[in-house]
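Structure first, then comments.
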Amino acid sequence: MDKIENNKAWFLVLPVFVIVAISAIIPLMTVVNYAFQDIFSPQDRYWVGTEWFESVLADDDLHGALIRQFVFSFVILLIEIPLGIALALAMPARGWRASLALVLMALPLLIPWNVVGTIWQVFARADIGLGGWLVNALGIPYNYTSDPVAAWLTIVVMDVWHWTPLVVLLCYAGLRAIPDAYYQAAAIDGATPWKVFRHIELPKMRGVLLIAVLLRFMDSFMIYTEPFVVTGGGPGNATTFLSIHLTKIAIGQMDLGPAAAISIIYFLIILTLSFVFYNVMTRMGTGERA
Amino acid sequence: MKGRSIALVVYFVFLLLPIYWLVNMSLKTNQEILSGLTLFPREPTLANFHTILTDPSWYMGYVNSLIYVVMNTVISLSVALPAAYAFSRFRFIGDKHVFFWLLTNRMAPPAVFLLPFFQLYQALGLFDTHIAVALAHCLFNVPLAVWILEGFMSGVPKEIDETAYVDGYSFPHFFVRIFLPLIKAGIGVTAFFCFMFSWVELLLARTLTATNAKPIASTMTRTVSAAGMDWGLLAAAGVLTIVPGALVIWFVRNYMAKGFALGRV
């Protein structure tokens, strides 16, 4: 759609700009301040340059947290995207069944994150939780509070439980936007279900899928509340993801300089990735609409 | 087709089991929870819910959360509506950059902003007020609202605007009287998303409050005491946090899919 050139439109955007800037730019500047100075009190501060960055980047704890974070996000995408597509294809298209399935599907998304953590913390316990009890009853020894592998699996299953519905809802919306004529044409050509999926449904879902990948990557990269409630980052450091590591340093140890330096590195990673994603998204978006 | 429905049912069992367990626990006494696994409460009790709904230090948590969530939804919508209109209708200096910048805020991890937020709102004298949390949540809800609304607004033909101006309508009059009613569904969906994201976010809410505006999330940590964990009470509090979301979702269920498809989110 061709738009009219009009710089007065800025007045309409101004409220958004101001309200987001208060919450975004001022805190970001504060973080930058901390990252380059050693601050004892507002009057007593020293410029330390890139010292914090150097010490933080050489820190093994940060490397561990970063690697865990990337592995976690990768595993999450690998499970949630295909599962989400499959479930969206299985969802009923119309009628009361569709309404019911939609409402049930959206339920985990509306639960406060610490409650999600609480639910799984209890559910996965071997003594008072149904899930942990079932796994043990099947003959598999399982205790997420002492076994790092079990703790990992618990967090992954919890995230799949919590966020796959988002992928399902996005794909479902994409599928509903396909006109019936496409399916009728495919039926006339005698296309197999796989061919229908590969040549009609998948290309039509490309837009929403890209958004799903973007959102899931970013959100899993920022995960904090749920693993914090379930495992507190343990056992050991097994589930200490990047934001848990950051919060430990900032609030736990009050090491504001290093914490700010990590914040900036964290932010730059996300900024770079969202820039890449955004460009891919808009490019694919224009190809889709043309 | 059969296989598909079975797979779906299996998934819904997986989805509902943990929630069932929470509800189940909320109806039990602590004694029963700790004495062993029972699939149904042996002696169902509403004592846990009774405690929460009669003790102000408990139920005020829900009231506080609802207050800042509603405030945030109202603020987000009222600033995002004109901005989304501008993005959907006009080209102006820096429009693409501002749009991308909004996107980056949606992606900023809240953990990065915790401490500066705390200091900023303390300096402004807004610490421990509902408006502080509502404003902080604007960081991720305003960009979201702009994108979803922009999607809906771009679906409205521009001829409608032009006709209205030719007929002599002023901009505010046209916007409120003609344009907004056309995207009612979009506004509903956006409000739902703002409500949802503000309701589930707890890290910022917890950091910015102490007593007066304390959200239910912080209150829930109270169940850990010297006598050990009060599981029944914790479960009941958890069940009650699901209720508002479930109610809202029921009202927008028919538009939900549309919001996902049309918005740029």
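Chain labels A, B, ... are given in the sequence in which chains occur in the structure tokens; within each chain residues are numbered consecutively from 1, and ligands are likewise numbered from 1 in the order shown.
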
Note to self: Can you pull out the residues contacting B:His137? Cut-off 8 Å, using only C-alpha atoms, and skip same-chain residues under 2 positions away; I want them as a VMD selection string.
What the structure shows: chain B and resid 72 133 to 135 139 to 141 198 204

Margin query: Which residues are close to B:Val23, i.e. within 12 Å by only C-alpha atoms, leaving aside same-chain residues fewer than 2 positions away? Reply as an NGL selection string.
Written below: (:A and (119 or 122-123)) or (:B and (16-21 or 25-28 or 39-41 or 44-46 or 48-49 or 231-243))

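Residue nearest A:Ile111 within the list A:His245, A:Glu226, A:Gly232, A:Leu170: A:Glu226 [criterion: smallest interatomic distance, only C-alpha atoms].
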
Note to self: Between A:Ile76, A:Ala260, A:Ala238, A:Val280, which residue has the minimum interatomic distance to chain B, considering only C-alpha atoms?
What the structure shows: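 Nearest to chain B: A:Ala260.
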
Where in stretch 84-233 of chain B does DSSP assign helix (DSSP H, G or I), given as an mmCIF file with N, CA and C atoms, in the first residue's frame?
```
data_model
loop_
_atom_site.group_PDB
_atom_site.id
_atom_site.type_symbol
_atom_site.label_atom_id
_atom_site.label_comp_id
_atom_site.auth_asym_id
_atom_site.auth_seq_id
_atom_site.Cartn_x
_atom_site.Cartn_y
_atom_site.Cartn_z
ATOM 1 N N ALA B 84 -0.037 3.680 15.881
ATOM 2 C CA ALA B 84 -0.264 2.627 14.900
ATOM 3 C C ALA B 84 -0.910 3.207 13.648
ATOM 4 N N TYR B 85 -1.796 4.192 13.845
ATOM 5 C CA TYR B 85 -2.434 4.844 12.703
ATOM 6 C C TYR B 85 -1.377 5.546 11.848
ATOM 7 N N ALA B 86 -0.456 6.245 12.530
ATOM 8 C CA ALA B 86 0.602 6.943 11.794
ATOM 9 C C ALA B 86 1.441 5.961 10.991
ATOM 10 N N PHE B 87 1.812 4.828 11.616
ATOM 11 C CA PHE B 87 2.648 3.847 10.917
ATOM 12 C C PHE B 87 1.906 3.201 9.753
ATOM 13 N N SER B 88 0.592 3.052 9.889
ATOM 14 C CA SER B 88 -0.134 2.353 8.833
ATOM 15 C C SER B 88 -0.513 3.279 7.673
ATOM 16 N N ARG B 89 -0.505 4.622 7.900
ATOM 17 C CA ARG B 89 -0.985 5.534 6.864
ATOM 18 C C ARG B 89 0.067 6.448 6.261
ATOM 19 N N ASP B 95 10.669 6.676 10.166
ATOM 20 C CA ASP B 95 9.581 5.769 10.556
ATOM 21 C C ASP B 95 10.057 4.323 10.704
ATOM 22 N N LYS B 96 10.859 3.872 9.764
ATOM 23 C CA LYS B 96 11.332 2.480 9.829
ATOM 24 C C LYS B 96 12.260 2.272 11.029
ATOM 25 N N HIS B 97 13.076 3.289 11.319
ATOM 26 C CA HIS B 97 13.999 3.164 12.451
ATOM 27 C C HIS B 97 13.247 3.089 13.764
ATOM 28 N N VAL B 98 12.235 3.944 13.897
ATOM 29 C CA VAL B 98 11.464 3.925 15.137
ATOM 30 C C VAL B 98 10.778 2.569 15.303
ATOM 31 N N PHE B 99 10.286 2.038 14.204
ATOM 32 C CA PHE B 99 9.620 0.742 14.261
ATOM 33 C C PHE B 99 10.590 -0.340 14.723
ATOM 34 N N PHE B 100 11.806 -0.303 14.190
ATOM 35 C CA PHE B 100 12.805 -1.291 14.595
ATOM 36 C C PHE B 100 13.215 -1.088 16.048
ATOM 37 N N TRP B 101 13.336 0.174 16.426
ATOM 38 C CA TRP B 101 13.713 0.478 17.807
ATOM 39 C C TRP B 101 12.661 -0.070 18.780
ATOM 40 N N LEU B 102 11.392 0.075 18.442
ATOM 41 C CA LEU B 102 10.333 -0.479 19.274
ATOM 42 C C LEU B 102 10.514 -1.986 19.418
ATOM 43 N N LEU B 103 10.844 -2.603 18.278
ATOM 44 C CA LEU B 103 11.056 -4.051 18.264
ATOM 45 C C LEU B 103 12.153 -4.463 19.244
ATOM 46 N N THR B 104 13.248 -3.684 19.293
ATOM 47 C CA THR B 104 14.351 -4.075 20.163
ATOM 48 C C THR B 104 13.937 -4.043 21.635
ATOM 49 N N ASN B 105 13.019 -3.148 21.987
ATOM 50 C CA ASN B 105 12.592 -3.092 23.382
ATOM 51 C C ASN B 105 11.800 -4.320 23.774
ATOM 52 N N ARG B 106 11.060 -4.832 22.814
ATOM 53 C CA ARG B 106 10.325 -6.062 23.045
ATOM 54 C C ARG B 106 11.299 -7.203 23.337
ATOM 55 N N MET B 107 12.516 -7.072 22.775
ATOM 56 C CA MET B 107 13.492 -8.145 22.890
ATOM 57 C C MET B 107 14.437 -7.974 24.072
ATOM 58 N N PRO B 110 14.320 -8.404 30.618
ATOM 59 C CA PRO B 110 13.997 -7.597 31.799
ATOM 60 C C PRO B 110 15.112 -7.625 32.831
ATOM 61 N N ALA B 111 15.866 -8.716 32.885
ATOM 62 C CA ALA B 111 16.937 -8.803 33.876
ATOM 63 C C ALA B 111 17.942 -7.662 33.709
ATOM 64 N N VAL B 112 18.126 -7.214 32.458
ATOM 65 C CA VAL B 112 19.060 -6.131 32.190
ATOM 66 C C VAL B 112 18.585 -4.823 32.834
ATOM 67 N N PHE B 113 17.264 -4.652 32.864
ATOM 68 C CA PHE B 113 16.711 -3.366 33.300
ATOM 69 C C PHE B 113 16.350 -3.310 34.784
ATOM 70 N N LEU B 114 16.474 -4.441 35.461
ATOM 71 C CA LEU B 114 15.990 -4.492 36.845
ATOM 72 C C LEU B 114 16.522 -3.362 37.717
ATOM 73 N N LEU B 115 17.838 -3.305 37.813
ATOM 74 C CA LEU B 115 18.436 -2.367 38.738
ATOM 75 C C LEU B 115 18.205 -0.902 38.351
ATOM 76 N N PRO B 116 18.476 -0.539 37.081
ATOM 77 C CA PRO B 116 18.199 0.843 36.680
ATOM 78 C C PRO B 116 16.733 1.228 36.856
ATOM 79 N N PHE B 117 15.829 0.313 36.610
ATOM 80 C CA PHE B 117 14.412 0.594 36.827
ATOM 81 C C PHE B 117 14.155 0.938 38.277
ATOM 82 N N PHE B 118 14.710 0.115 39.132
ATOM 83 C CA PHE B 118 14.546 0.320 40.565
ATOM 84 C C PHE B 118 15.009 1.725 40.945
ATOM 85 N N GLN B 119 16.206 2.106 40.443
ATOM 86 C CA GLN B 119 16.746 3.415 40.804
ATOM 87 C C GLN B 119 15.958 4.553 40.180
ATOM 88 N N LEU B 120 15.532 4.351 38.922
ATOM 89 C CA LEU B 120 14.770 5.395 38.241
ATOM 90 C C LEU B 120 13.468 5.701 38.975
ATOM 91 N N TYR B 121 12.714 4.650 39.304
ATOM 92 C CA TYR B 121 11.424 4.884 39.947
ATOM 93 C C TYR B 121 11.577 5.359 41.383
ATOM 94 N N GLN B 122 12.678 4.961 42.010
ATOM 95 C CA GLN B 122 12.963 5.476 43.336
ATOM 96 C C GLN B 122 13.221 6.980 43.252
ATOM 97 N N ALA B 123 14.015 7.385 42.257
ATOM 98 C CA ALA B 123 14.346 8.798 42.085
ATOM 99 C C ALA B 123 13.109 9.625 41.767
ATOM 100 N N HIS B 130 1.342 1.573 41.972
ATOM 101 C CA HIS B 130 0.840 0.766 40.860
ATOM 102 C C HIS B 130 1.283 1.337 39.520
ATOM 103 N N ILE B 131 1.336 2.677 39.451
ATOM 104 C CA ILE B 131 1.656 3.306 38.177
ATOM 105 C C ILE B 131 3.087 2.973 37.763
ATOM 106 N N ALA B 132 3.977 2.760 38.732
ATOM 107 C CA ALA B 132 5.364 2.411 38.399
ATOM 108 C C ALA B 132 5.403 1.104 37.617
ATOM 109 N N VAL B 133 4.693 0.098 38.123
ATOM 110 C CA VAL B 133 4.689 -1.196 37.438
ATOM 111 C C VAL B 133 4.007 -1.056 36.083
ATOM 112 N N ALA B 134 2.907 -0.296 36.056
ATOM 113 C CA ALA B 134 2.178 -0.124 34.800
ATOM 114 C C ALA B 134 3.079 0.523 33.750
ATOM 115 N N LEU B 135 3.848 1.544 34.151
ATOM 116 C CA LEU B 135 4.748 2.222 33.207
ATOM 117 C C LEU B 135 5.888 1.300 32.779
ATOM 118 N N ALA B 136 6.423 0.543 33.733
ATOM 119 C CA ALA B 136 7.523 -0.356 33.396
ATOM 120 C C ALA B 136 7.072 -1.407 32.391
ATOM 121 N N HIS B 137 5.867 -1.914 32.561
ATOM 122 C CA HIS B 137 5.361 -2.927 31.633
ATOM 123 C C HIS B 137 5.089 -2.363 30.241
ATOM 124 N N CYS B 138 4.980 -1.029 30.149
ATOM 125 C CA CYS B 138 4.802 -0.398 28.838
ATOM 126 C C CYS B 138 5.989 -0.702 27.939
ATOM 127 N N LEU B 139 7.144 -0.955 28.548
ATOM 128 C CA LEU B 139 8.357 -1.244 27.779
ATOM 129 C C LEU B 139 8.107 -2.348 26.754
ATOM 130 N N PHE B 140 7.414 -3.404 27.158
ATOM 131 C CA PHE B 140 7.191 -4.478 26.187
ATOM 132 C C PHE B 140 5.770 -4.494 25.629
ATOM 133 N N ASN B 141 4.803 -3.879 26.338
ATOM 134 C CA ASN B 141 3.424 -3.926 25.854
ATOM 135 C C ASN B 141 3.108 -2.879 24.797
ATOM 136 N N VAL B 142 3.702 -1.687 24.897
ATOM 137 C CA VAL B 142 3.427 -0.647 23.906
ATOM 138 C C VAL B 142 3.898 -1.070 22.511
ATOM 139 N N PRO B 143 5.153 -1.571 22.366
ATOM 140 C CA PRO B 143 5.561 -2.051 21.038
ATOM 141 C C PRO B 143 4.624 -3.133 20.508
ATOM 142 N N LEU B 144 4.260 -4.060 21.375
ATOM 143 C CA LEU B 144 3.349 -5.133 20.984
ATOM 144 C C LEU B 144 2.025 -4.568 20.477
ATOM 145 N N ALA B 145 1.478 -3.611 21.232
ATOM 146 C CA ALA B 145 0.186 -3.025 20.861
ATOM 147 C C ALA B 145 0.297 -2.307 19.520
ATOM 148 N N VAL B 146 1.407 -1.585 19.314
ATOM 149 C CA VAL B 146 1.587 -0.868 18.048
ATOM 150 C C VAL B 146 1.571 -1.841 16.875
ATOM 151 N N TRP B 147 2.292 -2.975 17.016
ATOM 152 C CA TRP B 147 2.350 -3.917 15.901
ATOM 153 C C TRP B 147 1.016 -4.542 15.585
ATOM 154 N N ILE B 148 0.326 -5.014 16.611
ATOM 155 C CA ILE B 148 -0.947 -5.694 16.351
ATOM 156 C C ILE B 148 -1.932 -4.715 15.726
ATOM 157 N N LEU B 149 -2.017 -3.506 16.317
ATOM 158 C CA LEU B 149 -2.971 -2.521 15.810
ATOM 159 C C LEU B 149 -2.620 -2.089 14.389
ATOM 160 N N GLU B 150 -1.315 -1.956 14.128
ATOM 161 C CA GLU B 150 -0.901 -1.552 12.783
ATOM 162 C C GLU B 150 -1.395 -2.580 11.764
ATOM 163 N N GLY B 151 -1.300 -3.853 12.118
ATOM 164 C CA GLY B 151 -1.779 -4.910 11.229
ATOM 165 C C GLY B 151 -3.266 -4.770 10.931
ATOM 166 N N PHE B 152 -4.041 -4.535 11.985
ATOM 167 C CA PHE B 152 -5.491 -4.396 11.800
ATOM 168 C C PHE B 152 -5.821 -3.145 10.992
ATOM 169 N N MET B 153 -5.115 -2.035 11.305
ATOM 170 C CA MET B 153 -5.427 -0.758 10.640
ATOM 171 C C MET B 153 -5.077 -0.800 9.160
ATOM 172 N N SER B 154 -3.975 -1.510 8.818
ATOM 173 C CA SER B 154 -3.605 -1.597 7.413
ATOM 174 C C SER B 154 -4.656 -2.350 6.614
ATOM 175 N N GLU B 159 -9.535 4.601 1.415
ATOM 176 C CA GLU B 159 -10.621 5.425 0.849
ATOM 177 C C GLU B 159 -11.549 5.927 1.957
ATOM 178 N N ILE B 160 -11.686 5.126 3.015
ATOM 179 C CA ILE B 160 -12.558 5.529 4.119
ATOM 180 C C ILE B 160 -12.061 6.821 4.742
ATOM 181 N N ASP B 161 -10.732 6.920 4.966
ATOM 182 C CA ASP B 161 -10.160 8.149 5.524
ATOM 183 C C ASP B 161 -10.466 9.331 4.609
ATOM 184 N N GLU B 162 -10.170 9.103 3.305
ATOM 185 C CA GLU B 162 -10.297 10.199 2.348
ATOM 186 C C GLU B 162 -11.735 10.709 2.256
ATOM 187 N N THR B 163 -12.663 9.751 2.194
ATOM 188 C CA THR B 163 -14.074 10.142 2.130
ATOM 189 C C THR B 163 -14.459 10.986 3.336
ATOM 190 N N ALA B 164 -13.992 10.569 4.521
ATOM 191 C CA ALA B 164 -14.344 11.282 5.746
ATOM 192 C C ALA B 164 -13.805 12.701 5.712
ATOM 193 N N TYR B 165 -12.555 12.884 5.218
ATOM 194 C CA TYR B 165 -11.987 14.227 5.167
ATOM 195 C C TYR B 165 -12.748 15.083 4.167
ATOM 196 N N VAL B 166 -13.118 14.477 3.021
ATOM 197 C CA VAL B 166 -13.887 15.230 2.023
ATOM 198 C C VAL B 166 -15.219 15.679 2.614
ATOM 199 N N PHE B 171 -9.760 15.450 12.120
ATOM 200 C CA PHE B 171 -9.071 14.188 12.382
ATOM 201 C C PHE B 171 -9.536 13.491 13.667
ATOM 202 N N PRO B 172 -9.560 14.226 14.807
ATOM 203 C CA PRO B 172 -9.965 13.525 16.041
ATOM 204 C C PRO B 172 -11.380 12.950 15.924
ATOM 205 N N HIS B 173 -12.270 13.714 15.317
ATOM 206 C CA HIS B 173 -13.647 13.266 15.193
ATOM 207 C C HIS B 173 -13.725 12.005 14.336
ATOM 208 N N PHE B 174 -13.026 12.053 13.202
ATOM 209 C CA PHE B 174 -13.001 10.896 12.310
ATOM 210 C C PHE B 174 -12.409 9.682 13.024
ATOM 211 N N PHE B 175 -11.284 9.896 13.724
ATOM 212 C CA PHE B 175 -10.556 8.789 14.337
ATOM 213 C C PHE B 175 -11.413 8.077 15.386
ATOM 214 N N VAL B 176 -12.043 8.868 16.242
ATOM 215 C CA VAL B 176 -12.800 8.272 17.347
ATOM 216 C C VAL B 176 -14.156 7.737 16.878
ATOM 217 N N ARG B 177 -14.845 8.533 16.016
ATOM 218 C CA ARG B 177 -16.205 8.158 15.660
ATOM 219 C C ARG B 177 -16.293 7.126 14.539
ATOM 220 N N ILE B 178 -15.367 7.189 13.588
ATOM 221 C CA ILE B 178 -15.488 6.316 12.423
ATOM 222 C C ILE B 178 -14.438 5.228 12.405
ATOM 223 N N PHE B 179 -13.195 5.618 12.631
ATOM 224 C CA PHE B 179 -12.107 4.661 12.438
ATOM 225 C C PHE B 179 -12.059 3.589 13.544
ATOM 226 N N LEU B 180 -12.095 4.022 14.797
ATOM 227 C CA LEU B 180 -11.972 3.069 15.897
ATOM 228 C C LEU B 180 -13.049 1.982 15.882
ATOM 229 N N PRO B 181 -14.326 2.353 15.638
ATOM 230 C CA PRO B 181 -15.335 1.284 15.580
ATOM 231 C C PRO B 181 -15.034 0.237 14.505
ATOM 232 N N LEU B 182 -14.332 0.643 13.434
ATOM 233 C CA LEU B 182 -14.023 -0.308 12.367
ATOM 234 C C LEU B 182 -13.026 -1.376 12.807
ATOM 235 N N LYS B 184 -12.725 -2.553 16.013
ATOM 236 C CA LYS B 184 -13.104 -3.001 17.364
ATOM 237 C C LYS B 184 -12.425 -4.325 17.736
ATOM 238 N N ALA B 185 -12.513 -5.287 16.809
ATOM 239 C CA ALA B 185 -11.954 -6.614 17.091
ATOM 240 C C ALA B 185 -10.454 -6.507 17.386
ATOM 241 N N GLY B 186 -9.785 -5.664 16.592
ATOM 242 C CA GLY B 186 -8.349 -5.483 16.783
ATOM 243 C C GLY B 186 -8.032 -4.901 18.143
ATOM 244 N N ILE B 187 -8.844 -3.926 18.579
ATOM 245 C CA ILE B 187 -8.617 -3.323 19.888
ATOM 246 C C ILE B 187 -8.820 -4.359 20.987
ATOM 247 N N GLY B 188 -9.850 -5.197 20.815
ATOM 248 C CA GLY B 188 -10.113 -6.251 21.798
ATOM 249 C C GLY B 188 -8.943 -7.210 21.912
ATOM 250 N N VAL B 189 -8.441 -7.642 20.765
ATOM 251 C CA VAL B 189 -7.329 -8.590 20.763
ATOM 252 C C VAL B 189 -6.088 -7.962 21.391
ATOM 253 N N THR B 190 -5.822 -6.688 21.042
ATOM 254 C CA THR B 190 -4.652 -6.013 21.595
ATOM 255 C C THR B 190 -4.774 -5.901 23.115
ATOM 256 N N ALA B 191 -5.964 -5.530 23.583
ATOM 257 C CA ALA B 191 -6.173 -5.414 25.025
ATOM 258 C C ALA B 191 -5.903 -6.761 25.692
ATOM 259 N N PHE B 192 -6.346 -7.826 25.040
ATOM 260 C CA PHE B 192 -6.119 -9.166 25.590
ATOM 261 C C PHE B 192 -4.630 -9.453 25.736
ATOM 262 N N PHE B 193 -3.853 -9.134 24.693
ATOM 263 C CA PHE B 193 -2.420 -9.420 24.753
ATOM 264 C C PHE B 193 -1.720 -8.569 25.809
ATOM 265 N N CYS B 194 -2.101 -7.290 25.902
ATOM 266 C CA CYS B 194 -1.500 -6.431 26.923
ATOM 267 C C CYS B 194 -1.814 -6.966 28.315
ATOM 268 N N PHE B 195 -3.074 -7.325 28.510
ATOM 269 C CA PHE B 195 -3.502 -7.874 29.792
ATOM 270 C C PHE B 195 -2.666 -9.098 30.129
ATOM 271 N N MET B 196 -2.580 -9.995 29.147
ATOM 272 C CA MET B 196 -1.896 -11.259 29.377
ATOM 273 C C MET B 196 -0.429 -11.056 29.738
ATOM 274 N N PHE B 197 0.301 -10.237 28.949
ATOM 275 C CA PHE B 197 1.736 -10.117 29.195
ATOM 276 C C PHE B 197 2.025 -9.373 30.494
ATOM 277 N N SER B 198 1.149 -8.419 30.836
ATOM 278 C CA SER B 198 1.357 -7.711 32.082
ATOM 279 C C SER B 198 1.027 -8.618 33.268
ATOM 280 N N TRP B 199 0.025 -9.464 33.088
ATOM 281 C CA TRP B 199 -0.417 -10.347 34.175
ATOM 282 C C TRP B 199 0.637 -11.408 34.485
ATOM 283 N N VAL B 200 1.288 -11.943 33.461
ATOM 284 C CA VAL B 200 2.232 -13.034 33.701
ATOM 285 C C VAL B 200 3.628 -12.547 34.079
ATOM 286 N N LEU B 203 8.991 -10.377 37.247
ATOM 287 C CA LEU B 203 10.324 -9.943 37.649
ATOM 288 C C LEU B 203 10.330 -8.437 37.935
ATOM 289 N N LEU B 204 9.831 -7.641 36.981
ATOM 290 C CA LEU B 204 9.793 -6.185 37.156
ATOM 291 C C LEU B 204 8.814 -5.814 38.257
ATOM 292 N N ALA B 205 7.645 -6.452 38.235
ATOM 293 C CA ALA B 205 6.614 -6.116 39.221
ATOM 294 C C ALA B 205 7.143 -6.318 40.637
ATOM 295 N N ARG B 206 7.904 -7.380 40.820
ATOM 296 C CA ARG B 206 8.410 -7.688 42.151
ATOM 297 C C ARG B 206 9.479 -6.683 42.559
ATOM 298 N N THR B 207 10.304 -6.281 41.581
ATOM 299 C CA THR B 207 11.399 -5.375 41.886
ATOM 300 C C THR B 207 10.903 -3.972 42.243
ATOM 301 N N ILE B 216 0.585 -10.340 43.544
ATOM 302 C CA ILE B 216 0.302 -11.633 44.159
ATOM 303 C C ILE B 216 1.516 -12.554 44.088
ATOM 304 N N ALA B 217 2.337 -12.364 43.063
ATOM 305 C CA ALA B 217 3.512 -13.224 42.904
ATOM 306 C C ALA B 217 4.429 -13.147 44.117
ATOM 307 N N SER B 218 4.658 -11.913 44.583
ATOM 308 C CA SER B 218 5.536 -11.762 45.740
ATOM 309 C C SER B 218 4.881 -12.324 46.984
ATOM 310 N N THR B 219 3.562 -12.123 47.069
ATOM 311 C CA THR B 219 2.856 -12.615 48.245
ATOM 312 C C THR B 219 3.003 -14.133 48.360
ATOM 313 N N MET B 220 3.065 -14.794 47.196
ATOM 314 C CA MET B 220 3.099 -16.252 47.228
ATOM 315 C C MET B 220 4.344 -16.810 47.903
ATOM 316 N N THR B 221 5.416 -16.026 47.937
ATOM 317 C CA THR B 221 6.622 -16.539 48.576
ATOM 318 C C THR B 221 6.448 -16.618 50.095
ATOM 319 N N ARG B 222 5.411 -16.004 50.616
ATOM 320 C CA ARG B 222 5.162 -16.033 52.051
ATOM 321 C C ARG B 222 4.896 -17.425 52.594
ATOM 322 N N THR B 223 4.452 -18.330 51.699
ATOM 323 C CA THR B 223 4.044 -19.647 52.183
ATOM 324 C C THR B 223 5.230 -20.458 52.698
ATOM 325 N N TRP B 231 2.024 -26.091 51.253
ATOM 326 C CA TRP B 231 1.747 -26.448 49.865
ATOM 327 C C TRP B 231 0.306 -26.178 49.459
ATOM 328 N N GLY B 232 -0.625 -26.515 50.345
ATOM 329 C CA GLY B 232 -2.044 -26.351 50.018
ATOM 330 C C GLY B 232 -2.373 -24.898 49.707
ATOM 331 N N LEU B 233 -1.872 -24.015 50.566
ATOM 332 C CA LEU B 233 -2.138 -22.590 50.403
ATOM 333 C C LEU B 233 -1.493 -22.064 49.118
#
```

Note to self: Env of A:Ile249: 12 Å cut, atoms = only C-alpha atoms, seq-sep filter 4 positions within chain, self excluded. Answer as number ranges by chain.
What the structure shows: A: 56, 61-62, 240, 242-245, 253-263; B: 111-112, 115

Note to self: If we count only C-alpha atoms and set the cut-off at 8 Å, which residues sit around stretch 149-163 of chain A, ignoring sequence neighbours fewer than 6 positions away in its own chain? Please answer as a PyMOL selection string.
What the structure shows: (chain A and resi 72+76+79-80+108-109+116+120+124+142-143+216+227+230-231+234-235+238-239) or (chain B and resi 14-15)

Notebook entry, point to check: Could you state the separation of atom CA of A:Asn7 and atom CA of B:Ile93 in Å, given to one decimal place?
Noted result: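 Separation between atom CA of A:Asn7 and atom CA of B:Ile93: 6.4 Å.
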
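Between atom CA of B:Ile33 and atom CA of A:Asp127 there is a distance of 9.5 Å.
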
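Here the residues within stretch 44-183 of chain A that DSSP labels strand (DSSP E or B) on the basis of the backbone are Asp44, Arg45, Tyr46 and Trp47 of chain A.
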
Export of the given selection (N, CA and C atoms) as an mmCIF file, in the first residue's frame:
```
data_model
loop_
_atom_site.group_PDB
_atom_site.id
_atom_site.type_symbol
_atom_site.label_atom_id
_atom_site.label_comp_id
_atom_site.auth_asym_id
_atom_site.auth_seq_id
_atom_site.Cartn_x
_atom_site.Cartn_y
_atom_site.Cartn_z
ATOM 1 N N ASP A 44 31.459 9.740 44.495
ATOM 2 C CA ASP A 44 32.723 9.018 44.548
ATOM 3 C C ASP A 44 32.750 7.941 43.474
ATOM 4 N N ARG A 45 33.119 8.336 42.263
ATOM 5 C CA ARG A 45 33.102 7.372 41.165
ATOM 6 C C ARG A 45 34.361 7.471 40.325
ATOM 7 N N TYR A 46 34.802 6.311 39.832
ATOM 8 C CA TYR A 46 36.027 6.284 39.042
ATOM 9 C C TYR A 46 35.771 5.687 37.675
ATOM 10 N N TRP A 47 36.394 6.276 36.700
ATOM 11 C CA TRP A 47 36.314 5.754 35.333
ATOM 12 C C TRP A 47 37.223 4.533 35.249
#
```

Margin query: Report, in Å with one decimal, the straight-line distance from atom CA of A:Trp96 to atom CA of B:Asn254.
Written below: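 These two atoms are separated by 10.7 Å.
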
Checklist line | Nearest candidate to chain B (options A:Tyr182, A:Phe228, A:Tyr266, A:Phe241; using only C-alpha atoms) | finding: A:Tyr266

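Using only C-alpha atoms for every distance, the candidate list A:Gly84, A:Pro148, A:Gly139, A:Pro15 yields A:Pro15 as the residue closest to chain B.
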